[in-house]
Amino acid sequence: MMKKSSVVMISIMGTVGGLLLAVGMCMCLLPEWNAFLPGVLLSAIGLVTLAAIWPVWRKASGKGALHLTGLHAVSLLLGLVGALALGIGLVNCLQTVTSFGLAVGIVGLVLLFLAFLAARKAAGKSAIPFHGQRVLACGIGIAGALLLGVGMCLTMVWGSSWLIPGIVVGCAGLLVCVLNMALRMVKTA
């Protein structure tokens, strides 16, 4: 069983990393802010913070060092390319929805799903296990991600009068996602 202090640390890292990433993305994507390069730097710091959760979680849950294989590398590469394609599709659709943006975004989602399957296979696990607890966790995660997305839309698309409500809604969505992850860690540990 994972200690509460570890769960708290992972939750704080997830919240801070997610907020840094989200604010950095806003800085990059909102031309009115004129802060593209600082936004890239802030997003990178957020990504590093989020990536640091994994080794902290492995140590806190008492798991040993991971034996990396070629399939792990394939999974990582698919995930990175998928995330990049999804990001390009989202940026392309930010102003007006285009078939190119939708196609690239869908390809990104497919690549991310393939990365998930490759990571499961590399870990020696079944492709997609379905049971009640996991379905509930996925549902809560999807709801949190949609809430985060609504908050981002409020701040980025609907103008400056929605900035503060958008930040509040986005932070609530991020908190739901992080707490869902922390709850999942406590249950599986």
# chains A, B, ... in the order shown; residues from 1 in each chain; ligands from 1
call {"tool": "residues_around", "arguments": {"residues": "stretch 68-81 of chain A", "least_positions_apart": "5", "cutoff": "8 Å", "atoms": "only C-alpha atoms", "output": "CSV table (one decimal) with N, CA and C atoms, in the first residue's frame"}}
result
chain,number,residue,atom,x,y,z
A,108,GLY,N,-3.6,11.4,-34.6
A,108,GLY,CA,-2.9,11.5,-33.3
A,108,GLY,C,-3.5,10.6,-32.2
A,111,LEU,N,-2.7,7.0,-32.9
A,111,LEU,CA,-1.3,6.7,-32.5
A,111,LEU,C,-1.2,6.6,-31.0
A,112,LEU,N,-1.9,7.5,-30.3
A,112,LEU,CA,-1.9,7.4,-28.8
A,112,LEU,C,-2.5,6.1,-28.3
A,114,LEU,N,-2.6,3.3,-30.0
A,114,LEU,CA,-1.6,2.2,-30.4
A,114,LEU,C,-0.4,2.2,-29.4
A,115,ALA,N,0.0,3.4,-28.9
A,115,ALA,CA,1.1,3.5,-27.9
A,115,ALA,C,0.7,2.9,-26.6
A,116,PHE,N,-0.6,3.1,-26.3
A,116,PHE,CA,-1.1,2.4,-25.1
A,116,PHE,C,-1.1,0.9,-25.2
A,117,LEU,N,-1.6,0.4,-26.3
A,117,LEU,CA,-1.5,-1.0,-26.5
A,117,LEU,C,-0.1,-1.6,-26.5
A,118,ALA,N,0.8,-0.9,-27.2
A,118,ALA,CA,2.2,-1.4,-27.2
A,118,ALA,C,2.8,-1.3,-25.8
A,119,ALA,N,2.5,-0.3,-25.0
A,119,ALA,CA,3.0,-0.3,-23.6
A,119,ALA,C,2.4,-1.4,-22.8
A,121,LYS,N,1.5,-4.3,-23.9
A,121,LYS,CA,2.2,-5.6,-24.4
A,121,LYS,C,3.6,-5.6,-23.9
A,122,ALA,N,4.3,-4.5,-23.8
A,122,ALA,CA,5.7,-4.5,-23.3
A,122,ALA,C,5.7,-4.8,-21.9
call {"tool": "residues_around", "arguments": {"residues": "stretch 138-140 of chain A", "least_positions_apart": "6", "cutoff": "8 Å", "atoms": "only C-alpha atoms", "output": "VMD selection string"}}
result
chain A and resid 176 to 177 180
call {"tool": "atom_distance", "arguments": {"atom1": "atom CA of A:Ala143", "atom2": "atom CA of A:His131"}}
result
18.4 Å
call {"tool": "residues_around", "arguments": {"residues": "A:Ile12", "least_positions_apart": "5", "cutoff": "9 Å", "atoms": "only C-alpha atoms", "output": "compact mmCIF listing (two decimals) with C-alpha atoms, in the first residue's frame"}}
result
# COMPACT_ATOMS: atom_id res chain seq x y z
CA VAL A 7 -0.06 10.13 -2.90
CA GLY A 17 2.80 20.20 -13.73
CA VAL A 178 -5.28 14.32 -10.74
call {"tool": "residues_around", "arguments": {"residues": "A:Gly46", "least_positions_apart": "6", "cutoff": "7 Å", "atoms": "only C-alpha atoms", "output": "ChimeraX atom specification"}}
result
/A:17-18,20-21
call {"tool": "select_by_dssp", "arguments": {"residues": "stretch 26-189 of chain A", "states": "alpha helix (DSSP H)", "output": "PyMOL selection string"}}
result
chain A and resi 26-29+36-51+53-60+70-95+99-122+132-156+163-188
call {"tool": "write_last_selection", "arguments": {"atoms": "C-alpha atoms", "output": "short mmCIF file (atom, residue, chain, number, x, y, z; two decimals), in the first residue's frame"}}
result
data_model
loop_
_atom_site.label_atom_id
_atom_site.label_comp_id
_atom_site.auth_asym_id
_atom_site.auth_seq_id
_atom_site.Cartn_x
_atom_site.Cartn_y
_atom_site.Cartn_z
CA CYS A 26 -2.26 29.36 -23.38
CA MET A 27 0.79 31.61 -23.61
CA CYS A 28 1.76 29.90 -26.87
CA LEU A 29 -1.66 29.84 -28.46
CA PHE A 36 5.22 32.27 -27.36
CA LEU A 37 8.80 31.51 -26.23
CA PRO A 38 8.10 31.88 -22.49
CA GLY A 39 5.05 29.68 -23.07
CA VAL A 40 7.17 26.96 -24.65
CA LEU A 41 9.57 27.12 -21.69
CA LEU A 42 6.73 26.98 -19.14
CA SER A 43 5.09 24.08 -21.00
CA ALA A 44 8.39 22.19 -21.05
CA ILE A 45 8.79 22.67 -17.28
CA GLY A 46 5.21 21.40 -16.82
CA LEU A 47 5.92 18.34 -18.99
CA VAL A 48 9.10 17.54 -17.06
CA THR A 49 7.19 17.83 -13.79
CA LEU A 50 4.48 15.52 -15.09
CA ALA A 51 7.05 13.03 -16.41
CA ILE A 53 5.62 11.54 -11.47
CA TRP A 54 6.35 8.14 -12.97
CA PRO A 55 9.66 7.43 -11.18
CA VAL A 56 8.23 8.84 -7.93
CA TRP A 57 5.24 6.52 -8.27
CA ARG A 58 7.45 3.48 -9.02
CA LYS A 59 9.60 4.18 -5.97
CA ALA A 60 6.62 4.85 -3.71
CA GLY A 70 12.36 -2.28 -27.99
CA LEU A 71 8.59 -2.41 -27.54
CA HIS A 72 8.89 0.24 -24.80
CA ALA A 73 10.77 2.45 -27.26
CA VAL A 74 8.09 1.87 -29.92
CA SER A 75 5.40 2.76 -27.40
CA LEU A 76 7.22 5.95 -26.41
CA LEU A 77 7.78 6.95 -30.03
CA LEU A 78 4.15 6.28 -30.94
CA GLY A 79 3.03 8.30 -27.93
CA LEU A 80 5.24 11.27 -28.76
CA VAL A 81 4.25 11.32 -32.44
CA GLY A 82 0.59 10.82 -31.50
CA ALA A 83 0.67 13.67 -28.98
CA LEU A 84 2.38 15.92 -31.53
CA ALA A 85 -0.17 15.02 -34.24
CA LEU A 86 -3.05 15.60 -31.83
CA GLY A 87 -1.57 18.98 -30.86
CA ILE A 88 -1.11 20.00 -34.50
CA GLY A 89 -4.69 18.98 -35.24
CA LEU A 90 -5.99 20.95 -32.26
CA VAL A 91 -3.99 24.06 -33.16
CA ASN A 92 -5.17 23.80 -36.77
CA CYS A 93 -8.80 23.61 -35.60
CA LEU A 94 -8.45 26.38 -33.02
CA GLN A 95 -9.65 29.20 -35.28
CA SER A 99 -10.64 18.62 -42.53
CA PHE A 100 -6.81 18.64 -42.30
CA GLY A 101 -6.90 19.51 -38.61
CA LEU A 102 -9.54 16.88 -37.90
CA ALA A 103 -7.64 14.21 -39.86
CA VAL A 104 -4.33 14.96 -38.14
CA GLY A 105 -6.05 15.03 -34.74
CA ILE A 106 -7.73 11.68 -35.37
CA VAL A 107 -4.42 10.17 -36.53
CA GLY A 108 -2.89 11.49 -33.29
CA LEU A 109 -5.59 9.81 -31.21
CA VAL A 110 -5.11 6.52 -33.07
CA LEU A 111 -1.34 6.68 -32.52
CA LEU A 112 -1.86 7.39 -28.82
CA PHE A 113 -4.16 4.37 -28.58
CA LEU A 114 -1.57 2.21 -30.36
CA ALA A 115 1.08 3.52 -27.95
CA PHE A 116 -1.13 2.44 -25.06
CA LEU A 117 -1.55 -1.04 -26.54
CA ALA A 118 2.21 -1.35 -27.18
CA ALA A 119 2.98 -0.25 -23.62
CA ARG A 120 0.57 -2.86 -22.24
CA LYS A 121 2.16 -5.56 -24.38
CA ALA A 122 5.66 -4.46 -23.33
CA GLY A 132 -15.95 -2.02 -13.05
CA GLN A 133 -13.23 -0.12 -11.20
CA ARG A 134 -11.28 0.59 -14.37
CA VAL A 135 -14.39 1.64 -16.31
CA LEU A 136 -15.33 4.04 -13.47
CA ALA A 137 -11.79 5.46 -13.39
CA CYS A 138 -11.86 5.99 -17.17
CA GLY A 139 -15.26 7.67 -16.95
CA ILE A 140 -14.09 10.03 -14.22
CA GLY A 141 -10.89 10.73 -16.19
CA ILE A 142 -12.87 11.53 -19.34
CA ALA A 143 -15.20 13.83 -17.39
CA GLY A 144 -12.20 15.63 -15.86
CA ALA A 145 -10.53 15.99 -19.26
CA LEU A 146 -13.72 17.38 -20.78
CA LEU A 147 -14.06 19.83 -17.89
CA LEU A 148 -10.45 20.90 -18.42
CA GLY A 149 -11.16 21.32 -22.14
CA VAL A 150 -14.23 23.45 -21.47
CA GLY A 151 -12.13 25.65 -19.20
CA MET A 152 -9.49 26.00 -21.90
CA CYS A 153 -12.17 26.89 -24.48
CA LEU A 154 -13.61 29.51 -22.14
CA THR A 155 -10.22 31.18 -21.76
CA MET A 156 -8.91 30.80 -25.29
CA LEU A 163 -10.85 34.21 -18.64
CA ILE A 164 -11.39 33.87 -14.87
CA PRO A 165 -14.36 31.45 -15.09
CA GLY A 166 -12.39 29.45 -17.65
CA ILE A 167 -9.39 29.19 -15.34
CA VAL A 168 -11.64 28.07 -12.47
CA VAL A 169 -13.41 25.44 -14.63
CA GLY A 170 -10.09 24.25 -16.10
CA CYS A 171 -8.49 23.93 -12.66
CA ALA A 172 -11.53 21.96 -11.45
CA GLY A 173 -11.14 19.59 -14.42
CA LEU A 174 -7.43 19.22 -13.77
CA LEU A 175 -8.12 18.51 -10.11
CA VAL A 176 -10.66 15.80 -11.06
CA CYS A 177 -8.05 14.17 -13.33
CA VAL A 178 -5.28 14.32 -10.74
CA LEU A 179 -7.48 13.06 -7.90
CA ASN A 180 -8.74 10.27 -10.14
CA MET A 181 -5.12 9.26 -10.80
CA ALA A 182 -4.30 9.42 -7.09
CA LEU A 183 -7.38 7.38 -6.22
CA ARG A 184 -6.39 4.79 -8.81
CA MET A 185 -2.86 4.58 -7.35
CA VAL A 186 -4.16 4.01 -3.84
CA LYS A 187 -6.57 1.29 -4.98
CA THR A 188 -4.00 -0.61 -7.09
#
call {"tool": "atom_distance", "arguments": {"atom1": "atom CA of A:Gly62", "atom2": "atom CA of A:Lys3"}}
result
10.8 Å
call {"tool": "atom_distance", "arguments": {"atom1": "atom CA of A:Ser126", "atom2": "atom CA of A:Ile10"}}
result
26.2 Å
